[in-house]
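Trainee: Shown below is the structure under consideration.
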Amino acid sequence: MEGRDLPMTALVQELAAEAAGIGSFDWDLASGRLVWDDRLVEMFGYERGSFGESLADFNARLHPDDVPRVADALQQTIDTVGVLDVEYRVQLPDGRTRWVVGRGRAVADETGRTARVLGVAYDTTRERDAEARVSRVLESMSAAFFSLDADWRFSYVNAEAERVLGRGRDEMLGGVVWELFPLAVGSDFELHYRRAAETGQPVVFDAYYPPPLDAWFEVRAWPGPDGLSVYFLDVTERRRAQDQVVRSAARLAMIAEVTSGFGAMLAGDLTPALALDQLARAVVPVLGDSATCTTGEVPADAVSGVTFPLVARGRSVGALSVHRGADRPPMDDEDLAAGREVADRAALALDSVRLYEQQRRIAEELQLSLLTAPPATPGPGSPSVTCRPRRPRRSAVTGTTPSASPTAARWW
């Protein structure tokens, strides 16, 4: 129903009822007369006799910083024969400041131009004070907080959010979150934010935002009638500590697996070749994305990822080379220490097998030398020959004299 088809008093009453019966106004553009009811006169700190019923009296009570903005809103309403919705501060004679919301609509004459602006106004100081208290709490807390309106625009940003996000609130307020933080598009952030907005249910999640933030966040988002409220904490250090615990456990399991494999080799259940193959498989993916094992002397120019020489008792018996893809960071000190640990254990086991084989061959040679056939018995008149057993030679490796048993070469 068009406003101009209603009696003026009926329209004012309708608008006043919509605003819970708070003060009404009627501004006649032709005469310039601005009529207020008693509630509105009191709200602006006037007495009935001191209010001159002019726009100048209205502007005289406005906060100076709000005058241009309110004037623009009124002019926009007049030019478009539209709706007025503006909030402003009223400075009372006793020095207090009161927040007021004015709402109304333009009424056109027979030519279609605005003839009057009718409306209501009500005091929002209490709500503003409550918002100010909430704002003080939000500003003082250690958690970062921001709110988004229904169009995904920032409507509030606290100081901690400015610090964590690396942007000032002046830059963010009014901006669309997906435009200011484009790497959030398609990420867990967008997925959970949109789910909360669509379902009306709060969400709690952890997510990583790439550089320039390069951080993990614990996020709690609550949907409301005005949009989305988001609390978040930078939990990067906590995540790193958790990852470190997981990685440490994986490294310990890797060392145990390698130790078990070379223990089986020493027991004779695995060949050295199979034990080396198991070593290469055990370090992936804990230390790298691929690995190779070689035996023998390590070439001086052997550079392939990170190479761990297999050295035992001062002798090089091979090398373990571990490779990482470009998407993984370089090995840290704990990775390098774990790599050296498995390399040292593997080298010691391989060198022990070498020494065992060496001792076994020496023992076999000594046994063969002791089993040489005795000379023939001399006949009558033949020269007398005395046979003495050959004295066993001392082992050049162990420094002991081996017995006739082959197992005597075992040193472990």
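Every chain in the structure tokens takes a letter, A first, then B, and so on in the order presented; its residues are numbered from 1, and the ligands are numbered from 1 following the presented order.
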Report as a VMD selection string: the residues of range 263-386 of chain A with a DSSP assignment of helix (DSSP H, G or I), based on the backbone of this structure.
Mentor: chain A and resid 263 to 266 272 to 282 333 to 370
Trainee: Give me the residues within 10 Å of Ser54 in chain A as an MDAnalysis selection string, counting only C-alpha atoms and dropping any in the same chain fewer than 6 places off.
Mentor: chainID A and resid 27:28 31:36
Trainee: Save the residues we just selected, N, CA and C atoms, as a PDB file, in the first residue's frame?
Mentor:
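File written: part-v9.pdb
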ATOM      1  N   TRP A  27       8.196  15.669   9.051  1.00  0.00           N
ATOM      2  CA  TRP A  27       8.953  16.784   8.478  1.00  0.00           C
ATOM      3  C   TRP A  27       8.296  17.196   7.169  1.00  0.00           C
ATOM      4  N   ASP A  28       7.764  18.420   7.126  1.00  0.00           N
ATOM      5  CA  ASP A  28       7.133  18.975   5.941  1.00  0.00           C
ATOM      6  C   ASP A  28       8.186  19.763   5.171  1.00  0.00           C
ATOM      7  N   SER A  31       7.200  23.611   4.040  1.00  0.00           N
ATOM      8  CA  SER A  31       7.249  24.644   5.074  1.00  0.00           C
ATOM      9  C   SER A  31       8.522  24.575   5.911  1.00  0.00           C
ATOM     10  N   GLY A  32       9.197  23.421   5.888  1.00  0.00           N
ATOM     11  CA  GLY A  32      10.381  23.233   6.696  1.00  0.00           C
ATOM     12  C   GLY A  32      10.078  22.903   8.141  1.00  0.00           C
ATOM     13  N   ARG A  33       8.809  22.719   8.462  1.00  0.00           N
ATOM     14  CA  ARG A  33       8.418  22.479   9.847  1.00  0.00           C
ATOM     15  C   ARG A  33       8.696  21.018  10.216  1.00  0.00           C
ATOM     16  N   LEU A  34       9.356  20.820  11.326  1.00  0.00           N
ATOM     17  CA  LEU A  34       9.683  19.480  11.835  1.00  0.00           C
ATOM     18  C   LEU A  34       8.932  19.294  13.152  1.00  0.00           C
ATOM     19  N   VAL A  35       7.952  18.426  13.129  1.00  0.00           N
ATOM     20  CA  VAL A  35       7.106  18.198  14.301  1.00  0.00           C
ATOM     21  C   VAL A  35       7.559  16.933  15.013  1.00  0.00           C
ATOM     22  N   TRP A  36       7.789  17.057  16.317  1.00  0.00           N
ATOM     23  CA  TRP A  36       8.151  15.913  17.156  1.00  0.00           C
ATOM     24  C   TRP A  36       7.082  15.705  18.213  1.00  0.00           C
TER      25      TRP A  36
END
Trainee: In terms of the shortest atom-to-atom distance over only C-alpha atoms, which of A:Leu355, A:Leu29, A:Ala150, A:Ala337 is closest to Ser248 in chain A?
Mentor: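 Of A:Leu355, A:Leu29, A:Ala150, A:Ala337, the one nearest Ser248 in chain A is A:Ala337, counting only C-alpha atoms.
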Trainee: Could you tell me how far CA of Glu127 in chain A sits from CA of Tyr46 in chain A, in Å to one decimal place?
Mentor: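 We find that CA of Tyr46 in chain A and CA of Glu127 in chain A lie 22.8 Å from each other.
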Trainee: Show me, as an MDAnalysis selection string, the residues that have an atom within 12 Å of range 342-345 of chain A when counting only C-alpha atoms, minus same-chain residues fewer than 6 positions from it.
Mentor: chainID A and resid 251:263 266 275:276 278:280 282:283 287 293:295 306:322 335:336 351:352
Trainee: Those residues you just picked out, can you put them in a file as a PDB file, in the first residue's frame with C-alpha atoms?
Mentor:
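After the write, result-v5.pdb holds the following:
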ATOM      1  CA  ARG A 251      61.837 -42.890  14.272  1.00  0.00           C
ATOM      2  CA  LEU A 252      62.050 -45.170  17.320  1.00  0.00           C
ATOM      3  CA  ALA A 253      59.907 -47.782  15.547  1.00  0.00           C
ATOM      4  CA  MET A 254      62.164 -47.505  12.488  1.00  0.00           C
ATOM      5  CA  ILE A 255      65.315 -48.060  14.589  1.00  0.00           C
ATOM      6  CA  ALA A 256      63.691 -51.065  16.262  1.00  0.00           C
ATOM      7  CA  GLU A 257      62.760 -52.549  12.882  1.00  0.00           C
ATOM      8  CA  VAL A 258      66.266 -52.081  11.512  1.00  0.00           C
ATOM      9  CA  THR A 259      67.799 -53.584  14.658  1.00  0.00           C
ATOM     10  CA  SER A 260      65.491 -56.590  14.380  1.00  0.00           C
ATOM     11  CA  GLY A 261      66.390 -57.122  10.728  1.00  0.00           C
ATOM     12  CA  PHE A 262      70.133 -57.086  11.301  1.00  0.00           C
ATOM     13  CA  GLY A 263      69.669 -59.257  14.388  1.00  0.00           C
ATOM     14  CA  LEU A 266      73.450 -62.177  12.541  1.00  0.00           C
ATOM     15  CA  ALA A 275      68.935 -57.082   5.474  1.00  0.00           C
ATOM     16  CA  LEU A 276      70.103 -54.092   3.414  1.00  0.00           C
ATOM     17  CA  GLN A 278      64.902 -54.168   4.625  1.00  0.00           C
ATOM     18  CA  LEU A 279      66.961 -51.186   5.830  1.00  0.00           C
ATOM     19  CA  ALA A 280      66.143 -49.204   2.683  1.00  0.00           C
ATOM     20  CA  ALA A 282      62.402 -49.194   6.823  1.00  0.00           C
ATOM     21  CA  VAL A 283      63.624 -45.591   6.473  1.00  0.00           C
ATOM     22  CA  LEU A 287      63.369 -40.184   6.836  1.00  0.00           C
ATOM     23  CA  CYS A 293      71.852 -49.027   0.181  1.00  0.00           C
ATOM     24  CA  THR A 294      75.248 -49.808  -1.290  1.00  0.00           C
ATOM     25  CA  THR A 295      78.137 -51.887   0.023  1.00  0.00           C
ATOM     26  CA  VAL A 306      71.487 -37.266   2.415  1.00  0.00           C
ATOM     27  CA  THR A 307      74.145 -40.022   2.476  1.00  0.00           C
ATOM     28  CA  PHE A 308      74.931 -41.811   5.722  1.00  0.00           C
ATOM     29  CA  PRO A 309      78.244 -43.740   5.499  1.00  0.00           C
ATOM     30  CA  LEU A 310      78.139 -47.264   6.962  1.00  0.00           C
ATOM     31  CA  VAL A 311      81.334 -47.228   9.047  1.00  0.00           C
ATOM     32  CA  ALA A 312      82.277 -49.731  11.749  1.00  0.00           C
ATOM     33  CA  ARG A 313      85.590 -50.237  13.518  1.00  0.00           C
ATOM     34  CA  GLY A 314      87.104 -47.532  11.358  1.00  0.00           C
ATOM     35  CA  ARG A 315      86.209 -49.336   8.124  1.00  0.00           C
ATOM     36  CA  SER A 316      83.663 -48.234   5.516  1.00  0.00           C
ATOM     37  CA  VAL A 317      81.347 -51.073   4.518  1.00  0.00           C
ATOM     38  CA  GLY A 318      78.780 -49.131   2.448  1.00  0.00           C
ATOM     39  CA  ALA A 319      76.339 -46.228   2.442  1.00  0.00           C
ATOM     40  CA  LEU A 320      72.660 -45.445   3.021  1.00  0.00           C
ATOM     41  CA  SER A 321      71.331 -42.699   0.732  1.00  0.00           C
ATOM     42  CA  VAL A 322      67.951 -41.118   1.544  1.00  0.00           C
ATOM     43  CA  ASP A 335      66.123 -36.959  11.521  1.00  0.00           C
ATOM     44  CA  LEU A 336      69.868 -36.828  10.947  1.00  0.00           C
ATOM     45  CA  ASP A 351      81.229 -55.735   9.729  1.00  0.00           C
ATOM     46  CA  SER A 352      80.516 -58.402  12.346  1.00  0.00           C
TER      47      SER A 352
END
Trainee: Write out as a PyMOL selection string each polymer residue whose atoms come within 12 Å of Asp94 in chain A, counting only C-alpha atoms; drop sequence neighbours fewer than 2 positions from it.
Mentor: chain A and resi 44-46+61+90-92+96-98
Trainee: Among range 217-262 of chain A, which ones does DSSP place in strand (DSSP E or B), written as a VMD selection string?
Mentor: chain A and resid 217 to 224 227 to 234
Trainee: Near Thr77 in chain A, within 9 Å and counting only C-alpha atoms, which residues show up once chain neighbours fewer than 3 positions away are dropped, as a PDB file with N, CA and C atoms, in the first residue's frame?
Mentor:
ATOM      1  N   ASP A  72      23.399  13.291   4.554  1.00  0.00           N
ATOM      2  CA  ASP A  72      23.419  12.490   3.323  1.00  0.00           C
ATOM      3  C   ASP A  72      22.292  11.471   3.310  1.00  0.00           C
ATOM      4  N   ALA A  73      22.023  10.850   4.461  1.00  0.00           N
ATOM      5  CA  ALA A  73      20.954   9.850   4.530  1.00  0.00           C
ATOM      6  C   ALA A  73      19.591  10.496   4.278  1.00  0.00           C
ATOM      7  N   LEU A  74      19.361  11.679   4.859  1.00  0.00           N
ATOM      8  CA  LEU A  74      18.100  12.382   4.633  1.00  0.00           C
ATOM      9  C   LEU A  74      17.939  12.786   3.168  1.00  0.00           C
ATOM     10  N   THR A  80      15.137   9.849  -3.570  1.00  0.00           N
ATOM     11  CA  THR A  80      14.640   8.576  -4.090  1.00  0.00           C
ATOM     12  C   THR A  80      13.203   8.272  -3.662  1.00  0.00           C
ATOM     13  N   VAL A  81      12.641   9.178  -2.871  1.00  0.00           N
ATOM     14  CA  VAL A  81      11.324   8.925  -2.263  1.00  0.00           C
ATOM     15  C   VAL A  81      11.393   7.547  -1.589  1.00  0.00           C
ATOM     16  N   GLY A  82      12.447   7.393  -0.817  1.00  0.00           N
ATOM     17  CA  GLY A  82      12.751   6.073  -0.268  1.00  0.00           C
ATOM     18  C   GLY A  82      12.578   5.983   1.228  1.00  0.00           C
ATOM     19  N   VAL A  83      13.386   5.084   1.803  1.00  0.00           N
ATOM     20  CA  VAL A  83      13.296   4.748   3.222  1.00  0.00           C
ATOM     21  C   VAL A  83      14.513   5.312   3.952  1.00  0.00           C
ATOM     22  N   LEU A  84      14.280   5.786   5.160  1.00  0.00           N
ATOM     23  CA  LEU A  84      15.352   6.317   6.002  1.00  0.00           C
ATOM     24  C   LEU A  84      15.687   5.312   7.096  1.00  0.00           C
ATOM     25  N   GLY A 104      12.270   5.945   8.888  1.00  0.00           N
ATOM     26  CA  GLY A 104      11.082   6.577   8.319  1.00  0.00           C
ATOM     27  C   GLY A 104      10.994   6.325   6.833  1.00  0.00           C
ATOM     28  N   ARG A 105      10.101   7.034   6.217  1.00  0.00           N
ATOM     29  CA  ARG A 105       9.937   6.902   4.772  1.00  0.00           C
ATOM     30  C   ARG A 105       9.461   8.227   4.181  1.00  0.00           C
ATOM     31  N   ALA A 106       9.778   8.435   2.930  1.00  0.00           N
ATOM     32  CA  ALA A 106       9.359   9.649   2.231  1.00  0.00           C
ATOM     33  C   ALA A 106       7.955   9.459   1.667  1.00  0.00           C
ATOM     34  N   THR A 114       9.074  14.051  -3.295  1.00  0.00           N
ATOM     35  CA  THR A 114       8.919  13.937  -1.843  1.00  0.00           C
ATOM     36  C   THR A 114       8.351  15.225  -1.277  1.00  0.00           C
ATOM     37  N   VAL A 117       8.645  13.711   5.081  1.00  0.00           N
ATOM     38  CA  VAL A 117       9.356  12.542   5.595  1.00  0.00           C
ATOM     39  C   VAL A 117       8.775  12.251   6.975  1.00  0.00           C
TER      40      VAL A 117
END
Trainee: Find the residue from A:Ala250, A:Val107, A:Ala60, A:Ala130 that sits nearest to Asp79 in chain A; use only C-alpha atoms when measuring.
Mentor: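 Checking each candidate against Asp79 in chain A, we get A:Val107 as the closest.
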Trainee: Go through A:Ala71, A:Ser229, A:His323, A:Gly288 and flag the residue nearest Gly305 in chain A, using only C-alpha atoms for the distances.
Mentor: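 Smallest separation from Gly305 in chain A among the options: A:His323.
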